[in-house]
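Chemist: Okay, so here is data10.cif, and as you'll see once you scroll down, it has mmCIF, C-alpha atoms and all ligand atoms.
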data_query
loop_
_atom_site.group_PDB
_atom_site.id
_atom_site.type_symbol
_atom_site.label_atom_id
_atom_site.label_comp_id
_atom_site.auth_asym_id
_atom_site.auth_seq_id
_atom_site.Cartn_x
_atom_site.Cartn_y
_atom_site.Cartn_z
ATOM 1 C CA MET E 23 -15.757 164.243 12.995
ATOM 2 C CA SER E 24 -16.687 163.068 9.513
ATOM 3 C CA ILE E 25 -17.992 159.616 8.708
ATOM 4 C CA THR E 26 -15.354 157.006 7.856
ATOM 5 C CA GLN E 27 -14.920 153.257 8.194
ATOM 6 C CA ASP E 28 -15.543 151.852 11.706
ATOM 7 C CA GLN E 29 -17.419 154.832 13.128
ATOM 8 C CA VAL E 30 -20.761 154.665 14.890
ATOM 9 C CA VAL E 31 -23.231 156.851 13.025
ATOM 10 C CA SER E 32 -26.751 157.916 14.009
ATOM 11 C CA ILE E 33 -29.110 159.078 11.273
ATOM 12 C CA HIS E 34 -32.674 160.269 10.964
ATOM 13 C CA TYR E 35 -34.024 159.101 7.641
ATOM 14 C CA THR E 36 -37.084 158.885 5.456
ATOM 15 C CA LEU E 37 -37.214 156.450 2.538
ATOM 16 C CA LYS E 38 -39.671 157.022 -0.301
ATOM 17 C CA ASP E 39 -40.395 155.225 -3.545
ATOM 18 C CA ASP E 40 -40.526 157.053 -6.880
ATOM 19 C CA ALA E 41 -44.215 157.842 -6.331
ATOM 20 C CA GLY E 42 -43.333 159.708 -3.123
ATOM 21 C CA GLU E 43 -44.868 157.107 -0.810
ATOM 22 C CA ILE E 44 -42.999 156.619 2.462
ATOM 23 C CA ILE E 45 -41.624 153.064 2.578
ATOM 24 C CA ASP E 46 -39.666 153.358 5.790
ATOM 25 C CA ALA E 47 -38.450 155.969 8.257
ATOM 26 C CA SER E 48 -36.514 156.200 11.494
ATOM 27 C CA GLU E 49 -38.704 156.682 14.548
ATOM 28 C CA GLN E 50 -39.475 160.243 15.547
ATOM 29 C CA GLY E 51 -36.728 161.477 17.877
ATOM 30 C CA SER E 52 -34.980 158.112 17.771
ATOM 31 C CA PRO E 53 -32.307 157.894 15.059
ATOM 32 C CA LEU E 54 -31.030 154.686 13.535
ATOM 33 C CA THR E 55 -27.548 153.965 14.865
ATOM 34 C CA TYR E 56 -25.202 151.685 12.912
ATOM 35 C CA LEU E 57 -21.542 150.773 12.483
ATOM 36 C CA HIS E 58 -20.265 152.341 9.252
ATOM 37 C CA GLY E 59 -18.495 150.179 6.675
ATOM 38 C CA HIS E 60 -19.747 146.783 7.890
ATOM 39 C CA GLY E 61 -22.635 146.205 5.508
ATOM 40 C CA ASN E 62 -25.269 147.222 8.048
ATOM 41 C CA LEU E 63 -26.786 149.660 5.548
ATOM 42 C CA ILE E 64 -27.303 149.178 1.819
ATOM 43 C CA PRO E 65 -24.025 149.893 -0.043
ATOM 44 C CA GLY E 66 -25.288 152.961 -1.933
ATOM 45 C CA LEU E 67 -26.359 154.759 1.235
ATOM 46 C CA GLU E 68 -23.101 153.996 3.049
ATOM 47 C CA ARG E 69 -21.174 155.413 0.099
ATOM 48 C CA GLU E 70 -23.234 158.627 0.141
ATOM 49 C CA LEU E 71 -22.761 159.045 3.891
ATOM 50 C CA THR E 72 -18.984 158.624 3.820
ATOM 51 C CA GLY E 73 -17.319 161.972 4.573
ATOM 52 C CA LYS E 74 -20.478 163.612 5.947
ATOM 53 C CA ASN E 75 -20.596 165.232 9.390
ATOM 54 C CA ALA E 76 -23.094 165.483 12.230
ATOM 55 C CA GLY E 77 -25.758 168.013 11.252
ATOM 56 C CA ASP E 78 -25.417 167.360 7.509
ATOM 57 C CA ARG E 79 -28.601 166.747 5.550
ATOM 58 C CA LEU E 80 -28.656 164.908 2.269
ATOM 59 C CA GLN E 81 -31.184 163.854 -0.300
ATOM 60 C CA VAL E 82 -30.068 160.941 -2.462
ATOM 61 C CA GLN E 83 -31.511 158.475 -4.910
ATOM 62 C CA ILE E 84 -30.048 154.978 -4.729
ATOM 63 C CA ALA E 85 -30.418 152.775 -7.818
ATOM 64 C CA PRO E 86 -31.487 149.130 -7.348
ATOM 65 C CA ARG E 87 -27.970 147.772 -8.000
ATOM 66 C CA ASP E 88 -26.738 149.765 -4.958
ATOM 67 C CA GLY E 89 -29.861 149.009 -2.948
ATOM 68 C CA TYR E 90 -31.740 145.711 -2.745
ATOM 69 C CA GLY E 91 -30.725 144.473 -6.193
ATOM 70 C CA GLU E 92 -32.405 144.256 -9.558
ATOM 71 C CA TYR E 93 -35.716 142.432 -9.777
ATOM 72 C CA ASP E 94 -35.056 138.815 -10.852
ATOM 73 C CA SER E 95 -38.027 137.106 -12.462
ATOM 74 C CA ALA E 96 -36.246 133.751 -12.040
ATOM 75 C CA LEU E 97 -37.021 134.037 -8.311
ATOM 76 C CA VAL E 98 -40.752 133.901 -8.994
ATOM 77 C CA GLN E 99 -42.326 130.457 -8.913
ATOM 78 C CA ARG E 100 -45.812 128.982 -8.976
ATOM 79 C CA VAL E 101 -46.510 126.082 -6.676
ATOM 80 C CA PRO E 102 -49.636 124.088 -5.881
ATOM 81 C CA ARG E 103 -51.202 125.096 -2.591
ATOM 82 C CA ARG E 104 -50.535 121.607 -1.191
ATOM 83 C CA ALA E 105 -46.809 122.469 -1.320
ATOM 84 C CA LEU E 106 -47.509 124.930 1.480
ATOM 85 C CA GLN E 107 -48.686 122.472 4.100
ATOM 86 C CA GLY E 108 -48.562 124.014 7.543
ATOM 87 C CA VAL E 109 -49.789 127.381 6.265
ATOM 88 C CA PRO E 110 -53.499 127.298 7.142
ATOM 89 C CA GLU E 111 -54.611 130.299 5.076
ATOM 90 C CA VAL E 112 -52.501 131.461 2.143
ATOM 91 C CA LYS E 113 -53.063 135.158 1.382
ATOM 92 C CA VAL E 114 -51.524 137.676 -0.993
ATOM 93 C CA GLY E 115 -48.863 139.732 0.789
ATOM 94 C CA MET E 116 -47.913 136.960 3.216
ATOM 95 C CA ARG E 117 -44.209 136.436 3.871
ATOM 96 C CA LEU E 118 -43.148 132.790 4.163
ATOM 97 C CA GLN E 119 -39.905 130.952 4.849
ATOM 98 C CA MET E 120 -39.219 128.277 2.253
ATOM 99 C CA ARG E 121 -36.667 125.509 2.721
ATOM 100 C CA GLY E 122 -34.520 124.728 -0.283
ATOM 101 C CA GLY E 123 -31.080 123.619 -1.376
ATOM 102 C CA GLY E 124 -29.565 126.984 -0.422
ATOM 103 C CA GLY E 125 -31.097 127.097 3.059
ATOM 104 C CA PRO E 126 -34.186 129.003 4.239
ATOM 105 C CA ARG E 127 -35.373 131.756 1.923
ATOM 106 C CA ALA E 128 -38.004 134.447 2.440
ATOM 107 C CA VAL E 129 -40.707 134.677 -0.207
ATOM 108 C CA THR E 130 -43.820 136.797 -0.611
ATOM 109 C CA VAL E 131 -47.154 135.416 -1.792
ATOM 110 C CA THR E 132 -48.063 137.617 -4.774
ATOM 111 C CA GLN E 133 -51.023 135.704 -6.234
ATOM 112 C CA VAL E 134 -53.445 132.969 -5.245
ATOM 113 C CA LEU E 135 -55.347 131.632 -8.248
ATOM 114 C CA GLY E 136 -57.425 128.514 -7.781
ATOM 115 C CA ASP E 137 -55.074 125.870 -6.429
ATOM 116 C CA MET E 138 -51.918 127.663 -7.573
ATOM 117 C CA VAL E 139 -49.891 130.072 -5.458
ATOM 118 C CA THR E 140 -47.279 132.483 -6.847
ATOM 119 C CA LEU E 141 -44.254 133.010 -4.625
ATOM 120 C CA ASP E 142 -41.794 135.841 -5.207
ATOM 121 C CA GLY E 143 -38.311 135.407 -3.719
ATOM 122 C CA ASN E 144 -37.177 138.939 -4.510
ATOM 123 C CA HIS E 145 -36.655 141.411 -1.696
ATOM 124 C CA PRO E 146 -39.803 143.580 -1.561
ATOM 125 C CA LEU E 147 -37.649 146.585 -2.539
ATOM 126 C CA ALA E 148 -35.741 144.830 -5.356
ATOM 127 C CA GLY E 149 -35.791 146.763 -8.612
ATOM 128 C CA LYS E 150 -36.865 149.993 -6.906
ATOM 129 C CA ASN E 151 -35.124 153.338 -6.671
ATOM 130 C CA LEU E 152 -34.672 154.289 -3.039
ATOM 131 C CA ASN E 153 -35.141 158.009 -2.363
ATOM 132 C CA PHE E 154 -33.587 158.876 0.982
ATOM 133 C CA GLU E 155 -33.729 162.057 2.990
ATOM 134 C CA VAL E 156 -31.116 161.760 5.696
ATOM 135 C CA GLU E 157 -29.919 163.942 8.541
ATOM 136 C CA VAL E 158 -26.735 162.875 10.317
ATOM 137 C CA ALA E 159 -27.508 163.114 14.042
ATOM 138 C CA ALA E 160 -24.198 161.970 15.549
ATOM 139 C CA VAL E 161 -20.851 160.388 14.730
ATOM 140 C CA ARG E 162 -18.548 158.717 17.264
ATOM 141 C CA GLU E 163 -15.715 156.209 17.430
ATOM 142 C CA ALA E 164 -16.727 152.573 17.842
ATOM 143 C CA THR E 165 -15.582 150.606 20.892
ATOM 144 C CA ALA E 166 -13.271 147.625 20.434
ATOM 145 C CA GLU E 167 -16.146 145.318 21.355
ATOM 146 C CA GLU E 168 -18.461 146.847 18.764
ATOM 147 C CA LEU E 169 -15.769 146.458 16.100
ATOM 148 C CA SER E 170 -15.200 142.802 16.965
ATOM 149 C CA HIS E 171 -18.944 142.110 16.732
ATOM 150 C CA GLY E 172 -19.472 144.201 13.578
ATOM 151 C CA HIS E 173 -22.475 146.056 15.031
ATOM 152 C CA VAL E 174 -23.403 148.763 17.498
ATOM 153 C CA HIS E 175 -24.162 148.206 21.178
ATOM 154 C CA GLY E 176 -26.610 150.330 23.180
ATOM 155 C CA PRO E 177 -25.582 152.963 25.748
ATOM 156 C CA ASP E 178 -25.495 150.303 28.492
ATOM 157 C CA GLY E 179 -23.277 148.004 26.427
ATOM 158 C CA HIS E 180 -25.965 145.392 25.851
ATOM 159 C CA HIS E 181 -27.275 144.172 22.578
ATOM 160 C CA HIS E 182 -30.401 145.789 21.195
HETATM 161 ZN ZN ZN E 201 -22.462 142.570 19.880
#
Show me the file's structure as structure tokens.
Modeler:
Amino acid sequence: MSITQDQVVSIHYTLKDDAGEIIDASEQGSPLTYLHGHGNLIPGLERELTGKNAGDRLQVQIAPRDGYGEYDSALVQRVPRRALQGVPEVKVGMRLQMRGGGGPRAVTVTQVLGDMVTLDGNHPLAGKNLNFEVEVAAVREATAEELSHGHVHGPDGHHH
């Protein structure tokens, strides 16, 4: 059975940046299982997986526009530390939820300089090539319930 829209796909994967550092990987012996064609994976990886079969291995590079987007410097802002009341200790690398006109937004603290804090609203992987090594572990039909929810249910039918 090859991978098409609405199938449940299990993959083992390793994701590296251009320097060869591992950014993310499926757990050993425990593949990632997702519903294909419902935006559960980044678009570039779904496109590469379409038509593949269980047992296939692939090595692909996904450009930022098909991954987590281009880096947008307009999403970087500097705020005075007092704007972050409720955060006792502001440190570089911290992820924070900011409230704004468009609803809550995740930002990363990228610099703390004196009383000023730099917040970056880009996804941590924005602007990066994503180098995937993938092995397709299994492909099956989705159940009607999974299709109506737009995601995969575990073997016992419950949510993960
Ligand atoms: Zn569900």
Chemist: Evaluate the PyMOL selection byres (((not hetatm)) within 7 of (chain E and resi 201)) on the structure here and hand back the selected residues as JSON, numbers by chain.
Modeler: {"E": [168, 171, 173, 174, 175, 181]}
Chemist: Please produce an output containing C-alpha atoms for each residue in the selection, written as a short mmCIF file (atom, residue, chain, number, x, y, z; two decimals), in the frame of the given file.
Modeler:
data_model
loop_
_atom_site.label_atom_id
_atom_site.label_comp_id
_atom_site.auth_asym_id
_atom_site.auth_seq_id
_atom_site.Cartn_x
_atom_site.Cartn_y
_atom_site.Cartn_z
CA GLU E 168 -18.46 146.85 18.76
CA HIS E 171 -18.94 142.11 16.73
CA HIS E 173 -22.48 146.06 15.03
CA VAL E 174 -23.40 148.76 17.50
CA HIS E 175 -24.16 148.21 21.18
CA HIS E 181 -27.28 144.17 22.58
#
Chemist: Using the chain letters and numbers from this file, what does the PyMOL selection byres (((chain E and resi 137) around 12) and not hetatm) select? Give the answer as a PyMOL selection string.
Modeler: chain E and resi 100-106+112+133-136+138-140
Chemist: What box, with edges along x, y and z, holds each listed atom of segment 35-48 of chain E when 4 Å is added on every side, and can you state its centre and edge lengths in Å to one decimal, as AutoDock Vina command-line options?
Modeler:
--center_x -39.4 --center_y 156.4 --center_z 2.3 --size_x 18.8 --size_y 14.6 --size_z 26.4
Chemist: Using the chain letters and numbers from the file, which residues does the PyMOL selection byres (((chain E and resi 92) around 8) and not hetatm) grab, as a list in words?
Modeler: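 Output from the PyMOL selection byres (((chain E and resi 92) around 8) and not hetatm), applied to this file: Pro86, Arg87, Tyr90, Gly91, Tyr93, Asp94, Ala148, Gly149 and Lys150 of chain E.
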Chemist: Would you please work out which residue, of E:His58, E:Arg162, E:His34, E:Lys113, is nearest to Thr72 of chain E when using all atoms listed in the file?
Modeler: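 The shortest atom-to-atom distance to Thr72 of chain E comes from E:His58.
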Chemist: Interatomic distance between atom CA of Ile84 of chain E and atom CA of Gly66 of chain E?
Modeler: 5.9 Å
Chemist: Name the closest residue to Thr26 of chain E among the candidates E:Gly51, E:Gly172, E:Gly59, E:Gly42; distances are taken between atoms, counting only C-alpha atoms.
Modeler: E:Gly59
Chemist: How many Å lie between atom CA of Phe154 of chain E and atom CA of Asp78 of chain E, rounded to one decimal?
Modeler: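 Atom-to-atom, atom CA of Phe154 of chain E to atom CA of Asp78 of chain E, that is 13.5 Å.
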Chemist: Using only C-alpha atoms, determine which residues lie at most 9 Å from Gln83 of chain E, disregarding the query and same-chain residues fewer than 2 positions distant; provide the list as a ChimeraX atom specification.
Modeler: /E:66-67,81,85,151-155
Chemist: Let me make sure I understand: among E:Thr132, E:Gln99, E:Gln119, E:Ser52, which one has the smallest atom-to-atom distance to Pro146 of chain E if we use all atoms listed in the file?
Modeler: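 Residue with the minimum atom-to-atom distance to Pro146 of chain E: E:Thr132.
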Chemist: So how many Å separate atom CA of Asp142 of chain E and atom CA of Thr36 of chain E, to one decimal?
Modeler: 25.8 Å
Chemist: Identify, on the basis of only C-alpha atoms, every residue whose closest approach to Asn75 of chain E does not exceed 10 Å; exclude the query and any residue fewer than 3 positions from it along the same chain; express the result as a PDB file with C-alpha atoms, in the frame of the given file.
Modeler:
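The resulting part-v9.pdb:
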ATOM      1  CA  MET E  23     -15.757 164.243  12.995  1.00  0.00           C
ATOM      2  CA  SER E  24     -16.687 163.068   9.513  1.00  0.00           C
ATOM      3  CA  ILE E  25     -17.992 159.616   8.708  1.00  0.00           C
ATOM      4  CA  THR E  26     -15.354 157.006   7.856  1.00  0.00           C
ATOM      5  CA  VAL E  31     -23.231 156.851  13.025  1.00  0.00           C
ATOM      6  CA  LEU E  71     -22.761 159.045   3.891  1.00  0.00           C
ATOM      7  CA  THR E  72     -18.984 158.624   3.820  1.00  0.00           C
ATOM      8  CA  ASP E  78     -25.417 167.360   7.509  1.00  0.00           C
ATOM      9  CA  ARG E  79     -28.601 166.747   5.550  1.00  0.00           C
ATOM     10  CA  GLU E 157     -29.919 163.942   8.541  1.00  0.00           C
ATOM     11  CA  VAL E 158     -26.735 162.875  10.317  1.00  0.00           C
ATOM     12  CA  ALA E 159     -27.508 163.114  14.042  1.00  0.00           C
ATOM     13  CA  ALA E 160     -24.198 161.970  15.549  1.00  0.00           C
ATOM     14  CA  VAL E 161     -20.851 160.388  14.730  1.00  0.00           C
TER      15      VAL E 161
END
Chemist: Could you tell me which of E:Ala47, E:Gly143, E:Ile64, E:Asp88 comes closest to Arg121 of chain E if we count all atoms listed in the file?
Modeler: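 Closest residue, counting all atoms listed in the file: E:Gly143.
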Chemist: Which residue gives the smallest distance to Leu97 of chain E among E:Lys38, E:Lys74, E:His145, E:Arg117, with only C-alpha atoms counted?
Modeler: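 Checking each of E:Lys38, E:Lys74, E:His145, E:Arg117 against Leu97 of chain E, counting only C-alpha atoms, the winner is E:His145.
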